[in-house]
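**Student:** Below you'll find the structure I mean.
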Amino acid sequence: MNVRTLLVVLLFLFPVASWAQGYADLGGSAEGFDVPQRGYQFDFPKDHGPHPSYRIEWWYLTANLQGADGRDYGIQWTLFRSALKPAETQSWQSPQLWMGHAAVTTPDTHYFAERLSRGGIGQAGVTAQPFEAWIDEWRMAGLDFDALTLSANGANFGYNLSLNAQDPLVFHGDAGYSVKSADGQASYYYSQPSYAVEGVLHLPEGDVAVTGEGWLDREWSSQPLASDQSGWDWFSLSFEDGTKLMAFRLRGGRGDFTSATWIDAEGTAVALPDGSASFTSLETARVAGRDVPVQWRVTLPDRGVDVEVSALTPNAWMATRFEYWEGPVTVSGSHKGRGYLEMTGY
Amino acid sequence: MTAAIVQALLSHWRTHRLLLATLLIGIALATGLWSAVQAINAEARASYAQANAQLALGQFDELRDPAGDIPLSRYVDLRRAGWQVAAVLEGSYRVGGRNLRLMGVDMVAYPALPAVIDAEQSTNPPDPADILTAPGRLLVSPDLAPLLREQNALPPILTTTALPSDVILTDIGVAETLLNKPGAISRLVVLPDQPHVLPPLSEIAPELERVGPASQIDTAQLTDSFHLNLSAFGLLSFAVGLFIVHGTVGLAFAQRRGMIRTLRALGVSIRRLVWLILAELTLLALIGGALGLVLGFFLAGALLPDVAATLRGLYGAPVTGQMSLQPEWALAGLAMAVFGTLLASGHALWRLSQLPLLAGPGLQAWRSSGSRRGFTGIAGFALIVGGVVIYLSFGGLIAGFILLGGLLTGAALLLPLLLSFAISQLARTAQGPVAQWVWADMRAQLPGLSLALMALLLALAANIGVGTMVSSFRLTFVGWLDQRLTSELYVTATDNQQGREVSDWLRPQVDAILPIRSVELEHETGPLFLYGVVDDPVYRQNWPLIASASDVWDKTMAGNAVLINEQLARRANLWPGDDLQFSPARALKIAGVYSDYGNPTGQAIVSMQQLNLISPGVETRRFGIRMDPGRAAEMAQTLRTRFDLPRQAVVQQAAMKAQSLAIFEKTFVVTSALNVLTLGVAGFAILTSLLTLWTQRLPQIAPVWALGLNRAQLSRLELLRSVLLAALTACLALPLGLVLAWVLLTVINVQAFGWRLPMYVFPWDWIVLLLLTLLAAMIAAALPALRMLRLPPADLLKVFANER
């Protein structure tokens with residue numbers, strides 16, 4: 001374990017630290033950081049940029065793509081920001097740390113890469129206008145948030161894509177104030193769930209032209225999880241009828257906490273409270289030495305949703321410094337469609 | 001039966017305790033000196049390897065800017081082009097009079113270092129936030145921690161055993177503050193995992209050079225020659241120690257001849273006897289070897305701090321001054337002891353196995369004959385010629401040592417022949433029967449003493465040779481320091497800006513300000529430090545040139561030529577008139593070569609304008625200041641207070657000279673110590689040889705005594721013989737020592753350090769050495785002489801009574 005691993009465990013996804021290392025209090029107290037407040041008025045484009053006074057923040061893009069070769073693909077592009085202190089300085093000693101994750105998932109293989117950087121020197125960061133989020137040569141940038149180009153490279157893969165927003169932003173929870181536990185831990189959370197995507201994947205077997213649909217999550221907070229929460233299962237599903245569903249379950253020692261957002265075909269979002277959605281693991285696969293659920297039954301009785309969600313490949317394990325499962329899924333049952341699934345804590 | 005034989009064999013040592021002690025001491029000395037040198041070398045090498053591992057040096061390619069530091073923006077350019085590189089900023093950092101290496105790495109990107117892992121796995125792991133953000137943390141070894149904790153301005157200290165003792169490891173953000181180099185990077189480590197597409201370096205940062213691990217400076221390579229020198233000395237000591245073993249084993253066999261004859265008469269086979277004696281010798285070798293290991297361990301422990309200081313001073317090599325005991329070392333030492341003892345006893349053992357059963361072997365059975373002497377003489381001559389031929393045909397440091405080895409062993413083998421010749425010449429001048437007897441007797445004793453005298457010859461030659469080298473070096477070095485350190489004050493400003501302020505302020509008050517600017521370049525022979533100087537009479541008058549073209553300074557100052565140091569000249573075989581290639585596009589004619597002692601790397605001097613062309617933007621932080629020496633101390637103090645400079649940033653010439661000399665002295669402490677020890681061992685060898693001969697002396701002396709010489713006269717003659725032989729040997733050792741010095745200065749030094757020194761001779765030292773030798777010979781002969789004096793006449797009479 002080196003500084004980087006420790007940093008990741010301690011800071012980026014610190015709920016993990018709370019079970020593994022007993023840093024339970026880190027998730028609870030905010031130590032001088034700002035804390036999300038109900039009723040916050042978002043200010044765009046400024047809020048597309050970073051919020052250094054909050055402990056943790058991400059720009060999280062996933063996309064379901066079809067190749068010219070007829071195969072299904074998924075890609076991930078994520079930039080995490082984590083603050084050691086609620087400040088920023090223009091030097092190596094900046095307390096802002098950045099971590100990038102990129103992945104391409106094919107029906108049989110999962111390629112991924114990771115980058116780390118600190119803020120303050122220009123190696124990684126985000127500017128709101130014109131929008132640019134970058135770490136090393138990985139970039140998500142455009143004149144504004146609605147039209148972006150996206151690129152990333154790993155040792156054996158890469159991609160260059162363009163993203164064009166089809167619908168307005170969606171605010172989760174109470175107008176973007178997303179509660180994460182019964183104790184009231186919360187984050188600011190909004191999404192752009194309908195980017196039209198096209199571009200090229202660079203794979204060892206050659207370049208593949210792709211088109212598809214992307215989903216971008218923006219979230220920042222200083223204390224997102226409760227101390228008993230051990231991991232989460234997060235779904236973003238796009239159905240063929242144009243409706244979409246974001247739903248997650250935080251698994252806790254005192255019971256699960258769920259949350260969901262229903263987005264209709266016009267892009268109007270409705271937040272659904274804890275307990276509205278239910279999640280049942282139907283089948284697990286042995287991935288990276290763990291049993292990971294790769295087939296789920298997700299129901300949302302309010303909206304008549306009762307679907308089976310299956311991984312495109314069980315193999316979408318992110319063996320990065322902090323390990324988790326992130327991959328494309330197909331949906332069948334009451335609604336048909338595609339989406340992305342993220343699971344941590346297995 | 002075996003038990004009885006063993007008992008009989010061992011009974012000898014009970015009655016000859018002194019002999020036993022001598023044998024064990026001989027083995028112990030040989031093993032001890034050899035093992036000490038091995039331990040020192042092993043310790044130093046282990047330190048280098050450990051330091052490389054602890055700092056992850058020499059594992060990855062690196063990017064460097066030949067013109068100096070890399071700006072932070074370049075790092076970001078490379079990163080944003082996809083290059084996975086980790087930044088390192090390093091420099092020397094002075095704390096409490098010690099020069100430490102401060103290594104600042106980007107803790108987020110640099111490969112995992114043992115020290116960091118160690119700190120994180122400690123019971124009280126540091127918070128990453130503390131390491132990465134101000135004030136940061138310093139990681140140091142436990143022995144450095146107290147010194148740093150005394151300093152007020154430093155960040156908190158974390159200790160780890162996984163760091164060399166003179167390294168401060170910290171985050172690059174802390175290093176740029178401590179080194180006062182904000183935004184500067186010394187080198188970029190190219191990490192192993194790179195993306196699948198990467199734009200070429202020439203498109204992003206054309207000024208950077210990619211350096212492979214093989215061509216990075218390696219301490220182990222730099223110091224190889226130093227360790228080879230030590231090893232050669234260790235081997236010499238070992239050889240001299242073996243002479244003692246040879247002498248005592250020969251004596252023991254001679255004394256036990258009667259017993260062996262009796263045992264064989266009783267039916268013990270010679271085979272069995274040889275095996276048992278072999279076992280006995282092995283046992284003795286193990287005991288002596290174990291004693292030697294203890295001796296070697298303490299000797300190495302005593303010498304190591306000086307060696308460590310030398311290596312740090314001369315090469316900047318990280319060596320701890322502490323010894324650790326390794327099992328391999330002990331096993332190797334014992335093996336050497338057994339091997340050496342058997343080697344030294346082989347001759348005697350072989351003779352024993354060849355002895356006829358009942359032959360009452362006369363003394364001559366243990367002697368070498370005249371024809372043998374001729375044979376060893378030829379072998380000696382062949383060795384000398386062989387060494388010369390090998391050196392001439394191969395060259396290089398190893399061949400240099402082979403030349404040296406051939407000269408020394410060859411001369412040692414020639415010694416009996418030469419002594420015998422000298423004695424026979426002197427014998428002709430003898431007047432009267434007693435004198436004639438003395439010379440004849442001396443010649444008769446020669447074979448028995450020749451090995452001890454060989455040891456003496458080697459020790460004396462080594463003493464003269466090494467002494468001459470060290471003294472010549474010292475004389476040259478002091479003179480060279482006077483030439484090189486011409487400025488009264490040397491100032492190092494914290495940055496370019498302050499450098500300008502200091503020189504502006506000084507200009508009206510002093511005679512001259514000589515800026516010193518340098519950059520590190522890569523040359524095919526290794527790192528090359530390029531200096532820029534301004535035209536000042538001080539260079540023209542004082543700079544120590546050893547080879548130069550015409551108008552050397554005019555050409556250099558006009559920017560048309562370059563001066564290089566001797567190390568570079570010899571390594572790359574470049575001399576005045578040749579071109580020095582700085583880069584594929586740039587070369588300058590070499591106008592001169594200057595001596596540059598104590599510096600392991602290549603160096604070159606150009607005019608300041610030329611330096612600006614080769615490496616634009618080099619900082620000017622260092623200055624030499626010429627002024628009235630009487631005001632230097634006062635000016636140094638004023639500068640320190642006015643510009644808030646630390647003590648070590650303003651150095652007076654005298655202090656600098658003292659420091660350089662101190663490093664120099666330490667360099668040769670080990671050499672001198674081994675030198676003295678070798679001489680002591682040689683004296684001891686003479687004593688053992690004389691004691692060996694003593695048992696065989698009686699039948700020769702008894703008739704002379706019977707003819708009327710009394711015991712007092714005989715014991716005086718005994719002393720005289722020893723002293724005369726030692727004196728003759730010393731006379732032969734002098735030319736050998738001078739040849740040795742010449743080889744050391746013109747062959748070994750050039751190969752090992754890259755410089756050639758003029759040879760100076762010190763006759764006064766030789767006289768002192770001669771007197772010491774005579775004294776040693778007299779002391780060695782004193783014991784036999786005393787025995788002679790106290791010998792009961794009855795014993796002398798017994799010689800005539802039986803056949804012995």
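Ordering of the structure tokens sets the chain letters (A, B, ...), residue numbers begin anew at 1 in every chain, and ligands are numbered from 1 in the order given.
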Provide as JSON, numbers by chain the residues of chain B at most 10 Å from chain A, counting only C-alpha atoms.

**Tutor:** {"B": [72, 73, 75, 76, 77, 78, 79, 80, 81, 82, 83, 84, 106, 107, 108, 109, 110, 111, 112, 113, 114, 115, 116, 117, 118, 119, 120, 121, 126, 127, 128, 129, 130, 131, 132, 133, 134, 135, 136, 171, 172, 173, 174, 176, 182, 183, 193, 194, 195, 196, 197, 198]}

**Student:** If you count only C-alpha atoms, which residues fall within 10 Å of Ser310 in chain A, apart from same-chain ones fewer than 3 positions away, as a list in words?

**Tutor:**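 Close residues of Ser310 in chain A: Leu282, Glu283, Pro293, Val294, Gln295, Trp296, Arg297, Val307, Thr313, Pro314, Pro328, Val329, Thr330, Val331, Ser332, Arg338, Gly339, Tyr340 and Leu341 of chain A.
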
**Student:** Fewer than 3 positions away in the same chain doesn't count, so skip those; otherwise give me all residues within 9 Å of Pro45 in chain A, counting only C-alpha atoms, as a ChimeraX atom specification.

**Tutor:** /A:48-49,128-131,144-145

**Student:** Tell me, which residues of range 110-233 of chain B carry DSSP helix (DSSP H, G or I), written as a ChimeraX atom specification?

**Tutor:** /B:114-120,128-132,145-149,172-178,201-204,213-215,219-233

**Student:** Would you give me, as a PyMOL selection string, the residues in range 469-700 of chain B that DSSP reads as strand (DSSP E)?

**Tutor:** chain B and resi 489-492+512-523+526-533+545-548+561-565+579-583+586-594+602-607+622-626+650-652

**Student:** Excluding Trp439 in chain B and any residue of its chain fewer than 2 positions from it, enumerate the residues within 9 Å of it, using only C-alpha atoms, and give them as a list in words.

**Tutor:**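 The residues that qualify are Ile423, Ser424, Leu426, Ala427, Ala430, Val434, Ala435, Gln436, Trp437, Asp441, Met442, Arg443, Ala444 and Arg721 of chain B.
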
**Student:** Using only C-alpha atoms, which residues sit within 6 Å of Glu213 in chain A once same-chain residues fewer than 6 positions away are excluded, as a list in words?

**Tutor:**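 Using only C-alpha atoms, the neighbours found are Ala63, Asn64, Tyr195, Ala196 and Val197 of chain A.
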